[in-house]
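Next comes target22.cif, a file with mmCIF, C-alpha atoms.
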```
data_data
#
loop_
_atom_site.label_atom_id
_atom_site.label_comp_id
_atom_site.auth_asym_id
_atom_site.auth_seq_id
_atom_site.Cartn_x
_atom_site.Cartn_y
_atom_site.Cartn_z
CA MET U 1 81.39 110.96 83.49
CA GLU U 2 81.33 110.71 87.27
CA GLN U 3 84.26 108.96 88.89
CA THR U 4 84.03 107.01 92.09
CA HIS U 5 87.08 106.61 94.26
CA LEU U 6 87.46 103.91 96.85
CA LEU U 7 89.66 104.79 99.78
CA ILE U 8 90.87 101.96 101.94
CA ARG U 9 92.52 102.94 105.16
CA ILE U 10 95.00 100.45 106.46
CA ARG U 11 96.04 100.35 110.08
CA CYS U 12 99.23 98.49 110.67
CA CYS U 13 98.68 96.39 113.76
CA HIS U 14 101.70 94.10 113.69
CA GLN U 15 105.02 94.26 111.93
CA GLU U 16 107.92 91.85 112.14
CA VAL U 17 111.11 91.41 110.15
CA LYS U 18 113.15 88.25 110.73
CA ASN U 19 115.19 85.93 108.48
CA ASP U 20 113.90 87.18 105.12
CA ILE U 21 110.32 87.26 106.46
CA PHE U 22 108.20 90.40 106.64
CA SER U 23 104.72 90.28 108.17
CA PHE U 24 102.01 92.85 108.79
CA GLN U 25 98.31 92.83 109.57
CA SER U 26 95.81 95.34 108.29
CA SER U 27 92.16 96.06 108.70
CA ALA U 28 90.00 98.03 106.27
CA GLY U 29 86.87 99.95 107.23
CA GLY U 30 84.47 97.10 106.43
CA GLY U 31 85.99 94.73 108.95
CA LEU U 32 88.25 92.90 106.48
CA SER U 33 91.28 91.62 108.27
CA LEU U 34 94.24 90.44 106.25
CA ARG U 35 97.65 89.34 107.42
CA VAL U 36 100.45 89.40 104.86
CA HIS U 37 103.75 87.53 105.09
CA ALA U 38 106.62 87.84 102.62
CA VAL U 39 109.21 85.08 102.72
CA ARG U 40 112.20 84.17 100.59
CA PHE U 41 113.28 80.57 100.12
CA SER U 42 116.87 79.69 99.20
CA PRO U 43 118.50 77.36 96.66
CA GLY U 44 117.88 73.67 97.35
CA GLN U 45 114.82 74.14 99.56
CA GLU U 46 111.69 72.20 98.62
CA LEU U 47 109.06 74.91 98.10
CA LEU U 48 105.81 73.10 98.97
CA GLY U 49 107.18 71.56 102.16
CA SER U 50 108.82 74.84 103.15
CA LEU U 51 105.54 76.71 102.65
CA GLN U 52 103.63 74.12 104.68
CA ALA U 53 106.21 74.36 107.49
CA PHE U 54 105.93 78.17 107.39
CA VAL U 55 102.12 77.96 107.68
CA GLU U 56 102.38 75.49 110.57
CA GLU U 57 105.02 77.52 112.44
CA ARG U 58 102.93 80.68 112.12
CA GLY U 59 99.65 78.95 112.98
CA LEU U 60 97.93 80.32 109.87
CA ARG U 61 94.29 79.17 109.56
CA ALA U 62 93.25 80.54 106.15
CA PRO U 63 96.47 81.04 104.16
CA PHE U 64 96.71 81.58 100.42
CA ILE U 65 99.33 82.57 97.88
CA ILE U 66 99.19 86.22 96.85
CA THR U 67 102.16 86.10 94.50
CA CYS U 68 105.39 84.22 93.87
CA VAL U 69 108.43 84.68 91.66
CA GLY U 70 111.49 82.51 91.50
CA SER U 71 112.91 79.44 89.86
CA VAL U 72 113.06 75.68 90.38
CA THR U 73 115.12 72.78 89.08
CA LYS U 74 112.56 70.06 89.75
CA ALA U 75 108.80 69.72 89.95
CA SER U 76 106.16 67.00 90.22
CA LEU U 77 102.80 68.02 88.78
CA ARG U 78 99.45 66.30 88.35
CA LEU U 79 98.00 67.20 84.98
CA ALA U 80 94.55 68.56 84.23
CA ASN U 81 93.10 65.29 82.92
CA ALA U 82 93.40 63.51 86.28
CA THR U 83 90.21 62.19 87.83
CA ALA U 84 89.36 60.72 91.22
CA THR U 85 89.80 57.23 89.79
CA ASN U 86 92.88 58.06 87.69
CA THR U 87 95.11 60.38 89.72
CA ASN U 88 98.33 59.06 88.19
CA GLU U 89 98.56 61.56 85.32
CA VAL U 90 101.78 63.00 86.71
CA ILE U 91 104.87 64.57 85.15
CA HIS U 92 108.27 64.93 86.81
CA LEU U 93 110.28 67.85 85.50
CA SER U 94 114.01 68.36 85.77
CA GLY U 95 115.92 71.38 84.46
CA ARG U 96 115.78 75.12 84.99
CA PHE U 97 112.32 76.66 85.17
CA GLU U 98 111.05 80.13 86.04
CA ILE U 99 107.96 80.26 88.24
CA VAL U 100 105.58 82.43 86.23
CA SER U 101 102.58 81.75 88.45
CA LEU U 102 101.80 80.02 91.74
CA VAL U 103 98.25 80.16 93.12
CA GLY U 104 96.18 78.34 95.69
CA THR U 105 95.44 77.71 99.33
CA LEU U 106 97.92 76.51 101.93
CA ASN U 107 95.77 74.80 104.55
CA PRO U 108 97.20 71.45 105.78
CA ASP U 109 96.14 69.74 102.54
CA ALA U 110 97.50 72.52 100.33
CA HIS U 111 95.95 72.97 96.90
CA LEU U 112 98.44 74.77 94.67
CA HIS U 113 98.72 75.16 90.92
CA ILE U 114 101.91 76.32 89.25
CA CYS U 115 102.94 77.48 85.80
CA LEU U 116 106.60 77.06 84.88
CA SER U 117 108.57 78.41 81.92
CA ASP U 118 111.53 76.48 80.51
CA VAL U 119 114.76 77.82 78.97
CA GLU U 120 112.98 78.40 75.64
CA GLY U 121 109.97 80.15 77.20
CA ARG U 122 107.58 77.22 76.80
CA THR U 123 105.20 76.81 79.71
CA VAL U 124 103.76 73.86 81.53
CA GLY U 125 101.49 73.83 84.53
CA GLY U 126 99.47 71.69 86.84
CA HIS U 127 98.58 70.73 90.38
CA VAL U 128 101.65 70.81 92.65
CA LEU U 129 102.45 67.41 94.16
CA GLY U 130 105.79 68.48 95.60
CA GLY U 131 109.39 68.15 94.59
CA LEU U 132 109.66 71.88 93.81
CA GLU U 133 113.38 72.34 94.39
CA VAL U 134 114.32 76.03 94.48
CA PHE U 135 117.03 76.95 91.96
CA THR U 136 118.04 80.54 92.77
CA THR U 137 115.21 81.90 94.89
CA ALA U 138 111.49 81.74 95.56
CA GLU U 139 110.00 84.99 96.81
CA VAL U 140 106.51 84.27 98.08
CA VAL U 141 103.87 86.60 99.47
CA VAL U 142 101.38 84.65 101.59
CA GLY U 143 98.09 86.16 102.71
CA GLU U 144 95.85 85.02 105.53
CA ALA U 145 92.16 85.83 105.81
CA VAL U 146 92.30 86.34 109.58
CA ASP U 147 88.56 85.87 110.18
CA LEU U 148 88.34 82.58 108.25
CA HIS U 149 89.47 78.98 108.66
CA PHE U 150 90.22 76.74 105.66
CA THR U 151 89.80 72.98 105.82
CA ARG U 152 89.29 70.25 103.23
CA GLU U 153 86.60 67.61 103.11
CA MET U 154 86.06 64.81 100.64
CA ASP U 155 83.54 65.78 97.98
CA GLU U 156 81.69 62.75 96.61
CA ARG U 157 80.92 64.61 93.37
CA THR U 158 84.59 65.24 92.49
CA GLY U 159 86.30 62.46 94.42
CA PHE U 160 88.81 64.94 95.83
CA PRO U 161 89.11 66.75 99.16
CA GLU U 162 87.67 70.19 98.41
CA LEU U 163 88.00 73.53 100.20
CA VAL U 164 85.61 74.30 103.06
CA VAL U 165 85.62 77.89 104.31
CA LYS U 166 84.35 78.57 107.82
CA PRO U 167 84.32 81.62 110.05
CA ARG U 168 87.22 81.54 112.48
CA SER U 169 86.19 81.23 116.09
CA HIS U 170 88.15 83.20 118.66
CA SER U 171 88.57 80.01 120.71
CA GLU U 172 90.96 78.75 117.98
CA ASP U 173 93.45 81.45 118.96
CA ASN U 174 93.85 80.14 122.51
#
```

As structure tokens, what does this structure read like?
Amino acid sequence: MEQTHLLIRIRCCHQEVKNDIFSFQSSAGGGLSLRVHAVRFSPGQELLGSLQAFVEERGLRAPFIITCVGSVTKASLRLANATATNTNEVIHLSGRFEIVSLVGTLNPDAHLHICLSDVEGRTVGGHVLGGLEVFTTAEVVVGEAVDLHFTREMDERTGFPELVVKPRSHSEDN
């Protein structure tokens, strides 16, 4: 059986280490440009707001969660059965929870989903509304598709603001 190997060459164009934040930018042969930021949030910080502040401070235009591990003591989640006309299917959690998954986009109207595990290993998940208070740590790796720009626009079919992906213009950088 013939094996095919894919070799991606990464050129490190920018590297910065400051206050528990590590960032680098890479470019693969096909023109893909990805910026990666690793940041650690401390006990008591509100995770969603801290991530949004990080994105704003860095001027990220197409940010997304690559991975996250950590723990929280509080969370407000919208459950899966919410609709545009009934968005109040919300739970407020309090206790100690491990973050077993955090995914989504971090444009100004962030769209994140989280899965949390309680002290007995039971899991619950949903759409993050906020109130994610860090317990011990939250170690988050944020990616940015450098050549794209994420926005949200109301979608009449779903009744929610949905992701719109556009090419990033160089005039946005000025």

- Task: Could you tell me which residues the PyMOL selection byres ((chain U and resi 127) around 8) returns for this structure, as a list in words?
- Result: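 For this structure, the PyMOL selection byres ((chain U and resi 127) around 8) captures Leu77, Arg78, Leu79, Ala80, His111, Leu112, His113, Ile114, Gly125, Gly126, Val128 and Leu129 of chain U.
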
Go ahead and dump the residues you just picked, C-alpha atoms, as a compact mmCIF listing (two decimals), in the coordinates of the input.
```txt
# COMPACT_ATOMS: atom_id res chain seq x y z
CA LEU U 77 102.80 68.02 88.78
CA ARG U 78 99.45 66.30 88.35
CA LEU U 79 98.00 67.20 84.98
CA ALA U 80 94.55 68.56 84.23
CA HIS U 111 95.95 72.97 96.90
CA LEU U 112 98.44 74.77 94.67
CA HIS U 113 98.72 75.16 90.92
CA ILE U 114 101.91 76.32 89.25
CA GLY U 125 101.49 73.83 84.53
CA GLY U 126 99.47 71.69 86.84
CA VAL U 128 101.65 70.81 92.65
CA LEU U 129 102.45 67.41 94.16
```

- Query: For this file, the PyMOL selection byres ((chain U and resi 134-139) around 8) selects which residues, as a list in words?
  - Reply: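 The output of the PyMOL selection byres ((chain U and resi 134-139) around 8) on this file is Ala38, Val39, Arg40, Phe41, Ser42, Pro43, Gly44, Gln45, Glu46, Leu47, Cys68, Val69, Gly70, Ser71, Val72, Thr73, Lys74, Arg96, Leu132, Glu133, Val140 and Val141 of chain U.
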
- Message: Take the PyMOL selection byres ((chain U and resi 63) around 8), run it mentally on this structure, and tell me the resulting residues as a list of chain:residue names.
- Response: U:Val55, U:Leu60, U:Arg61, U:Ala62, U:Phe64, U:Ile65, U:Thr105, U:Leu106, U:Asn107, U:Val142, U:Gly143, U:Glu144, U:Ala145, U:Phe150

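Distance-wise, CA of Asn86 in chain U and CA of Leu102 in chain U end up 24.0 Å apart.
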
- Note on the structure: Taken to one decimal, the CA of Asp109 in chain U-CA of Pro161 in chain U distance is 8.4 Å

- Distance of CA of Ser101 in chain U from CA of Arg157 in chain U, expressed in Å to one decimal place: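 Here the two named atoms are 28.1 Å from each other.
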
- Task: Identify the residues within 12 Å of coordinate (83.1, 75.6, 102.0) (same frame as the file), considering only C-alpha atoms, and give the answer as a ChimeraX atom specification.
- Result: /U:148-155,161-167

- Task: Compare U:Val36, U:Val100, U:Leu51, U:Leu93 by their minimum atom-to-atom distance to Thr123 in chain U, counting only C-alpha atoms, and give me the closest one.
- Result: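 Of U:Val36, U:Val100, U:Leu51, U:Leu93, the one nearest Thr123 in chain U, counting only C-alpha atoms, is U:Val100.
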